[in-house]
>>> print(open('start_1.csv').read())   # CSV, C-alpha atoms
chain,number,residue,atom,x,y,z
K,21,MET,CA,79.7,99.2,120.3
K,22,ALA,CA,82.4,100.0,117.8
K,23,THR,CA,82.3,103.0,115.5
K,24,LYS,CA,81.8,102.2,111.9
K,25,LEU,CA,84.7,103.1,109.6
K,26,ASN,CA,83.1,105.3,106.9
K,27,LYS,CA,85.9,107.7,106.0
K,28,LEU,CA,89.7,107.8,105.7
K,29,LEU,CA,91.6,107.7,109.1
K,30,LYS,CA,95.3,108.4,109.2
K,31,ARG,CA,97.7,107.8,112.1
K,32,GLU,CA,101.5,107.9,112.4
K,33,ILE,CA,103.4,105.0,113.9
K,34,GLU,CA,107.1,104.3,114.5
K,35,VAL,CA,108.8,101.1,113.7
K,36,ASP,CA,112.5,100.6,114.4
K,37,GLY,CA,113.0,104.4,114.6
K,38,LYS,CA,111.3,105.1,111.2
K,39,ALA,CA,108.0,107.0,111.0
K,40,TYR,CA,105.2,105.5,108.9
K,41,MET,CA,101.7,106.6,108.1
K,42,VAL,CA,98.8,104.1,108.4
K,43,ALA,CA,95.7,105.0,106.5
K,44,LEU,CA,92.5,103.0,107.2
K,45,SER,CA,89.6,103.4,104.8
K,46,PRO,CA,86.4,101.5,104.1
K,47,GLU,CA,88.2,99.8,101.2
K,48,GLY,CA,91.3,98.7,103.1
K,49,LEU,CA,94.6,99.8,104.7
K,50,LYS,CA,97.8,101.4,103.4
K,51,LEU,CA,101.2,101.6,105.1
K,52,THR,CA,103.6,104.2,103.8
K,53,GLU,CA,106.9,105.5,105.0
K,54,LYS,CA,106.4,109.1,106.2
K,55,GLY,CA,107.3,111.6,103.4
K,56,LYS,CA,106.9,109.0,100.7
K,57,ARG,CA,104.0,108.4,98.3
K,58,LEU,CA,104.1,104.7,97.5
K,59,GLY,CA,103.3,102.2,100.2
K,60,LYS,CA,101.9,98.8,100.8
K,61,GLU,CA,98.2,98.4,100.3
K,62,LEU,CA,95.7,95.7,101.3
K,63,THR,CA,92.0,95.5,100.8
K,64,TRP,CA,89.9,94.2,103.7
K,65,LYS,CA,88.8,91.3,101.4
K,66,GLU,CA,92.5,90.3,100.8
K,67,LEU,CA,93.2,90.5,104.5
K,68,VAL,CA,90.3,88.5,105.8
K,69,GLY,CA,90.1,86.1,102.8
K,70,GLY,CA,93.6,84.8,103.4
K,71,ASP,CA,94.8,86.4,100.1
K,72,ALA,CA,97.2,88.7,102.0
K,73,SER,CA,100.3,86.6,101.1
K,74,SER,CA,99.7,87.3,97.4
K,75,SER,CA,100.2,91.0,97.9
K,76,GLY,CA,103.6,90.3,99.7
K,77,SER,CA,102.5,91.5,103.2
K,78,GLY,CA,102.4,88.0,104.8
K,79,LEU,CA,100.1,89.2,107.6
K,80,PRO,CA,99.1,86.2,109.8
K,81,LEU,CA,95.5,86.0,110.9
K,82,GLY,CA,93.8,84.2,113.7
K,83,GLY,CA,94.9,81.6,116.2
K,84,GLY,CA,97.9,83.6,117.3
K,85,THR,CA,99.6,82.7,120.5
>>> encode(input="start_1.csv", output="structure tokens")
Amino acid sequence: MATKLNKLLKREIEVDGKAYMVALSPEGLKLTEKGKRLGKELTWKELVGGDASSSGSGLPLGGGT
């Protein structure tokens, strides 16, 4: 059984040698370059509803090969 996400969870990732912070919350997710304040945000509704392209993220969902 999975643990329910009920508070903010932050993790650091590295992409092409750059550090980023990923913040997961019950409302959605945010990806920010480490040391910066502004980042890209998506609500879970935008992500699962197929509305992600309108926020400029272009995250593909489902059916991946």
>>> residues_around(input="start_1.csv", residues="K:Ala43", least_positions_apart="6", cutoff="8 Å", atoms="all atoms listed in the file", output="list in words")
Leu28, Leu29, Lys30, Arg31, Leu49, Lys50 and Leu51 of chain K
>>> atom_distance(input="start_1.csv", atom1="atom CA of K:Met41", atom2="atom CA of K:Glu61")
11.8 Å
>>> atom_distance(input="start_1.csv", atom1="atom CA of K:Lys38", atom2="atom CA of K:Glu66")
26.1 Å
>>> closest_residue(input="start_1.csv", among="K:Leu62, K:Thr52, K:Ser45, K:Arg57", to="K:Lys24", atoms="all atoms listed in the file")
K:Ser45
>>> atom_distance(input="start_1.csv", atom1="atom CA of K:Ala39", atom2="atom CA of K:Gly70")
27.5 Å
